[in-house]
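**Student:** One structure, as structure tokens, below. Some questions next.
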Amino acid sequence: MNQRELFLRHVAQTSPAPLALEIVKAEGAWLFNAIGNAYLDLIGGISVCNVGHRHPKVVEAIKAQADAYLHVLVYGEFVQSPQVNYATWLAAHLPQTLDSVYFTNSGAEAVEGAMKLAKKVTNRTEIVSFINSYHGSTQGALSIIGDEYWRNSYRPLLPGIHHASYGCFKSLDLINTRTACVVAETVQAESGIKKPSVEWMKALRMKCSETGTLLILDEIQAGFGRTGSLWAFEQYGIEPDILMLGKALGGGMPLGAFIASRERMLALTEGPVLGHITTFGGHPVSCAAGLAAAIAMEEEKMIEGVEQKAQLFLSLLKHPLIRDVRSAGLLMAVELDSFEVNKRIIDKCLDASNGSPGLITDWFLFAPHCMRIAPPLTISEEEIKQACQIILTAME
């Protein structure tokens, strides 16, 4: 059997029709398959590869750390320089109240840890999240996802979860003195890129402060320059009590984190001891790669070009089939009439016949009629023009 057949037989499948592209190389904003076809990548591993695929500084850091040591002990016991250095960088680029980093394997695990920390700190059990929110696929994270289609098959889930309307001032009444935490995305990605008003985010922050509720902001997709600032919450003039990160955090390697004040994080050290543990969270190679990516993003001023590149997409994506284009920097949704129309365009974009490049795009979990655009922040203007031409040709 060939690789595709072995993939379908032995690798667990999560959809009835996987793309099954056999990728053999990735570079910058490009993917290459086993028969030599090139594909412009407009989703960047779902907002993972913000600095591009295989950024030279990230590859160099991975090789250097692999030469030193890999896994040595359960996270949190040994002083491991990659973890220390990356946590220090993150603390230096966040508000002073976010100075203690708990590294995890993924964004979903960061969600689990953040919810546990909020319950421990507040001694409360209820959680408020939002309709059409996405926070991961583990049991706890699934409990706060804002869509019953994805939750229903796995009930019973966590009790005490309340789903509010995102951006609605009246929905803030659900937050009270029984609420341990509110979990909110700074940009709702999977609903098709929905941004709340500054006024609503400030009202949310105020309501949490008034009721002693911890505000947990999910920047797993929106962080690391994706929306045009290092952290999307900076655009609202607020600060979270706990910040959750993932995806681009590892520079292409698996890594997540939840970040709080050192005082709050100490709640996990006793009653019980080892209040949250992970074997591979904060893996030294992942932390080395993530720090290298973060430094490269700074030194190469990648964030400074985000808004201009987003505007170029907006100016070029004009077609009768397009109902709307929503943008939070280079996190974009192209709204079409239906999932069926969107899927036909996505499939056509994949066509890399006759030596022409194909294009990788996707749909959103809660907005399947919208096309996802979230390329590496390093994508060039010429590559954007090429990508838009492929999309418009597919629409024709």
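The way I read the labels, and the way they are meant: chains A, B, ... in the order of the structure tokens, residue 1 as the first residue of every chain, and ligand 1 as the first ligand shown, with later ones counted on from there.
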Pick out the residues sitting within 10 Å of Arg54 of chain A, and hand them over as a list of chain:residue names; count only C-alpha atoms, and ignore anything fewer than 5 positions along from it in its own chain.
**Tutor:**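 Skipping anything fewer than 5 positions along the chain leaves A:Lys25, A:Ala26, A:Glu27, A:Gly28, A:Ala29, A:Cys49, A:Val59, A:Glu60, A:Gly251, A:Gly252, A:Ala293.
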**Student:** So which bits of segment 300-332 of chain A end up strand (DSSP E) when you DSSP the backbone, as a ChimeraX atom specification?
**Tutor:** /A:324-327,332
**Student:** Take the residues from that selection and put them in a file with N, CA and C atoms, as a PDB file, in the first residue's frame.
**Tutor:**
```
ATOM      1  N   ASP A 324     -19.485  39.200   2.233  1.00  0.00           N
ATOM      2  CA  ASP A 324     -18.808  40.069   3.201  1.00  0.00           C
ATOM      3  C   ASP A 324     -17.408  39.512   3.421  1.00  0.00           C
ATOM      4  N   VAL A 325     -16.488  40.374   3.824  1.00  0.00           N
ATOM      5  CA  VAL A 325     -15.158  39.951   4.272  1.00  0.00           C
ATOM      6  C   VAL A 325     -14.893  40.632   5.600  1.00  0.00           C
ATOM      7  N   ARG A 326     -14.708  39.832   6.648  1.00  0.00           N
ATOM      8  CA  ARG A 326     -14.440  40.363   7.984  1.00  0.00           C
ATOM      9  C   ARG A 326     -12.979  40.112   8.338  1.00  0.00           C
ATOM     10  N   SER A 327     -12.374  41.095   8.995  1.00  0.00           N
ATOM     11  CA  SER A 327     -10.944  41.005   9.266  1.00  0.00           C
ATOM     12  C   SER A 327     -10.617  41.465  10.679  1.00  0.00           C
ATOM     13  N   MET A 332      -9.110  36.337   8.958  1.00  0.00           N
ATOM     14  CA  MET A 332     -10.143  36.859   8.069  1.00  0.00           C
ATOM     15  C   MET A 332     -11.165  35.785   7.726  1.00  0.00           C
TER      16      MET A 332
END
```
**Student:** May I ask which of the residues A:Gly76, A:Pro357, A:Pro376, A:Pro284 is the closest one to Lys63 of chain A, counting only C-alpha atoms?
**Tutor:** A:Pro284
**Student:** Using Å and a single decimal, report how far atom CA of Met115 of chain A sits from atom CA of Ala328 of chain A.
**Tutor:**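 Separating atom CA of Ala328 of chain A from atom CA of Met115 of chain A is a distance of 26.4 Å.
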**Student:** Between A:Val111, A:Leu268, A:Val128, A:Ile220, which one has atoms that come closest to Leu142 of chain A, using only C-alpha atoms?
**Tutor:** A:Val111
**Student:** Which residues are near Leu42 of chain A? Cut-off 8 Å, only C-alpha atoms, ignore same chain within fewer than 5 positions. Put them as a PyMOL selection string.
**Tutor:** chain A and resi 29+359-361+372-376+387
**Student:** Name the closest residue to Lys309 of chain A among the candidates A:Gly290, A:Pro156, A:Gly271, A:Gly228; distances are taken between atoms, counting only C-alpha atoms.
**Tutor:** A:Gly228
**Student:** Determine, counting only C-alpha atoms, which protein, DNA and RNA residues have an atom within 7 Å of an atom of segment 77-83 of chain A; residues of the same chain fewer than 5 positions away are not included. Present the result as an mmCIF file with N, CA and C atoms, in the first residue's frame.
**Tutor:**
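The new file selection23.cif reads:
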```cif
data_model
loop_
_atom_site.group_PDB
_atom_site.id
_atom_site.type_symbol
_atom_site.label_atom_id
_atom_site.label_comp_id
_atom_site.auth_asym_id
_atom_site.auth_seq_id
_atom_site.Cartn_x
_atom_site.Cartn_y
_atom_site.Cartn_z
ATOM 1 N N GLY A 282 5.607 22.267 28.110
ATOM 2 C CA GLY A 282 6.845 23.034 28.216
ATOM 3 C C GLY A 282 8.055 22.242 27.776
ATOM 4 N N PRO A 284 11.355 21.168 26.277
ATOM 5 C CA PRO A 284 12.456 22.106 25.999
ATOM 6 C C PRO A 284 12.628 22.448 24.524
ATOM 7 N N CYS A 287 9.817 24.928 23.670
ATOM 8 C CA CYS A 287 10.079 26.252 24.244
ATOM 9 C C CYS A 287 11.206 26.966 23.505
ATOM 10 N N ALA A 288 12.239 26.239 23.114
ATOM 11 C CA ALA A 288 13.331 26.845 22.354
ATOM 12 C C ALA A 288 12.824 27.348 21.013
#
```
**Student:** With only C-alpha atoms as the counted atoms, please give the residues lying no more than 12 Å from Asn123 of chain A, apart from itself and same-chain residues fewer than 6 positions off, as a PyMOL selection string.
**Tutor:** chain A and resi 115-117+177-181+212-214+267+271
**Student:** Selection from above, C-alpha atoms, as a tab-separated table (two decimals), in the first residue's frame, can you write it?
**Tutor:**
```
chain	number	residue	atom	x	y	z
A	115	MET	CA	-10.39	26.62	34.55
A	116	LYS	CA	-8.90	24.59	37.39
A	117	LEU	CA	-6.86	27.56	38.57
A	177	THR	CA	-20.73	36.05	42.98
A	178	ARG	CA	-21.04	32.32	42.22
A	179	THR	CA	-19.05	32.66	39.01
A	180	ALA	CA	-15.47	31.41	39.22
A	181	CYS	CA	-14.47	32.74	35.82
A	212	GLY	CA	-14.74	38.88	42.16
A	213	THR	CA	-14.84	36.76	39.01
A	214	LEU	CA	-11.64	35.96	37.14
A	267	ALA	CA	-2.68	28.08	44.45
A	271	GLY	CA	-4.25	21.65	48.79
```
**Student:** When DSSP works through the backbone of this structure, what residues of segment 226-370 of chain A end up as alpha helix (DSSP H), shown as a ChimeraX atom specification?
**Tutor:** /A:262-265,284-299,306-316,339-349
**Student:** Show me, as a VMD selection string, the residues that have an atom within 8 Å of Ile23 of chain A when counting only C-alpha atoms, minus same-chain residues fewer than 3 positions from it.
**Tutor:** chain A and resid 26 31 to 34
**Student:** Between A:Leu314, A:Met297, A:Leu70, A:Ile43, single out the one closest to Met371 of chain A, counting only C-alpha atoms.
**Tutor:**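 Comparing A:Leu314, A:Met297, A:Leu70, A:Ile43 against Met371 of chain A, the winner is A:Ile43.
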**Student:** Report, in Å with one decimal, the straight-line distance from atom CA of Gln386 of chain A to atom CA of Leu336 of chain A.
**Tutor:**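 Going from atom CA of Gln386 of chain A over to atom CA of Leu336 of chain A covers 20.5 Å.
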**Student:** Choose the residue, out of A:Ser338, A:Ser380, A:Ser356, A:Thr211, that has the smallest atom-to-atom separation from Phe313 of chain A; count only C-alpha atoms.
**Tutor:**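 Of A:Ser338, A:Ser380, A:Ser356, A:Thr211, the one nearest Phe313 of chain A, counting only C-alpha atoms, is A:Ser380.
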**Student:** Please, which residues in segment 239-308 of chain A fall within 12 Å of segment 118-121 of chain A when counting only C-alpha atoms, and what is the closest atom pair and distance in Å to one decimal for each, ordered by chain then residue number, as a Markdown table?
**Tutor:**
```
| residue | atom | partner | partner_atom | distance |
| --- | --- | --- | --- | --- |
| A:Asp241 | CA | A:Ala118 | CA | 9.3 |
| A:Ile242 | CA | A:Ala118 | CA | 8.4 |
| A:Leu243 | CA | A:Ala118 | CA | 11.5 |
| A:Phe258 | CA | A:Ala118 | CA | 11.1 |
| A:Ile259 | CA | A:Ala118 | CA | 11.6 |
| A:Ala260 | CA | A:Ala118 | CA | 10.0 |
| A:Ser261 | CA | A:Val121 | CA | 11.3 |
| A:Arg262 | CA | A:Val121 | CA | 12.0 |
| A:Glu263 | CA | A:Val121 | CA | 9.7 |
| A:Arg264 | CA | A:Val121 | CA | 6.5 |
| A:Met265 | CA | A:Val121 | CA | 8.5 |
| A:Leu266 | CA | A:Val121 | CA | 9.3 |
| A:Ala267 | CA | A:Val121 | CA | 6.4 |
| A:Leu268 | CA | A:Lys120 | CA | 7.6 |
| A:Thr269 | CA | A:Lys120 | CA | 10.7 |
| A:Glu270 | CA | A:Lys120 | CA | 10.2 |
| A:Gly271 | CA | A:Lys120 | CA | 9.1 |
| A:Pro272 | CA | A:Lys120 | CA | 10.1 |
| A:Gly275 | CA | A:Lys120 | CA | 9.0 |
| A:His276 | CA | A:Lys120 | CA | 10.8 |
```
**Student:** Save out the residues we just selected, C-alpha atoms, as a short mmCIF file (atom, residue, chain, number, x, y, z; two decimals), in the first residue's frame.
**Tutor:**
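Generated output (selection_14.cif):
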```cif
data_model
loop_
_atom_site.label_atom_id
_atom_site.label_comp_id
_atom_site.auth_asym_id
_atom_site.auth_seq_id
_atom_site.Cartn_x
_atom_site.Cartn_y
_atom_site.Cartn_z
CA ASP A 241 -6.67 37.80 35.11
CA ILE A 242 -5.59 34.71 33.20
CA LEU A 243 -4.38 34.56 29.61
CA PHE A 258 -1.96 29.70 30.76
CA ILE A 259 -0.53 32.78 32.42
CA ALA A 260 -1.54 34.49 35.66
CA SER A 261 0.05 36.33 38.57
CA ARG A 262 2.58 34.39 40.60
CA GLU A 263 0.37 34.82 43.66
CA ARG A 264 -2.59 33.16 41.94
CA MET A 265 -0.51 30.45 40.31
CA LEU A 266 0.81 29.39 43.72
CA ALA A 267 -2.68 28.08 44.45
CA LEU A 268 -1.72 24.99 42.43
CA THR A 269 1.17 24.13 44.77
CA GLU A 270 -0.85 22.97 47.77
CA GLY A 271 -4.25 21.65 48.79
CA PRO A 272 -3.50 19.41 46.88
CA GLY A 275 -2.63 20.81 41.65
CA HIS A 276 -2.01 20.63 37.91
#
```
**Student:** Give me the residues near segment 1-11 of chain A as a ChimeraX atom specification, where near means some atom within 10 Å (using only C-alpha atoms) and where sequence neighbours in that chain fewer than 5 positions away do not count.
**Tutor:** /A:17-18,20-22,34
**Student:** So that I have them on file, write out the residues from the current selection with N, CA and C atoms, as a PDB file, in the first residue's frame.
**Tutor:**
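As a result, selection-v5.pdb now contains:
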```pdb
ATOM      1  N   ALA A  17     -13.972  12.678   4.946  1.00  0.00           N
ATOM      2  CA  ALA A  17     -13.298  13.008   3.684  1.00  0.00           C
ATOM      3  C   ALA A  17     -12.078  13.892   3.947  1.00  0.00           C
ATOM      4  N   PRO A  18     -11.003  13.334   4.508  1.00  0.00           N
ATOM      5  CA  PRO A  18      -9.798  14.136   4.750  1.00  0.00           C
ATOM      6  C   PRO A  18      -9.153  14.576   3.440  1.00  0.00           C
ATOM      7  N   ALA A  20      -6.044  14.510   2.641  1.00  0.00           N
ATOM      8  CA  ALA A  20      -5.088  13.452   2.294  1.00  0.00           C
ATOM      9  C   ALA A  20      -4.001  13.926   1.325  1.00  0.00           C
ATOM     10  N   LEU A  21      -3.592  15.180   1.441  1.00  0.00           N
ATOM     11  CA  LEU A  21      -2.434  15.656   0.692  1.00  0.00           C
ATOM     12  C   LEU A  21      -1.171  15.120   1.359  1.00  0.00           C
ATOM     13  N   GLU A  22      -0.309  14.512   0.583  1.00  0.00           N
ATOM     14  CA  GLU A  22       0.925  13.967   1.145  1.00  0.00           C
ATOM     15  C   GLU A  22       2.014  15.050   1.088  1.00  0.00           C
ATOM     16  N   ALA A  34       3.972  15.182  -2.529  1.00  0.00           N
ATOM     17  CA  ALA A  34       4.893  14.125  -2.957  1.00  0.00           C
ATOM     18  C   ALA A  34       5.119  14.095  -4.459  1.00  0.00           C
TER      19      ALA A  34
END
```
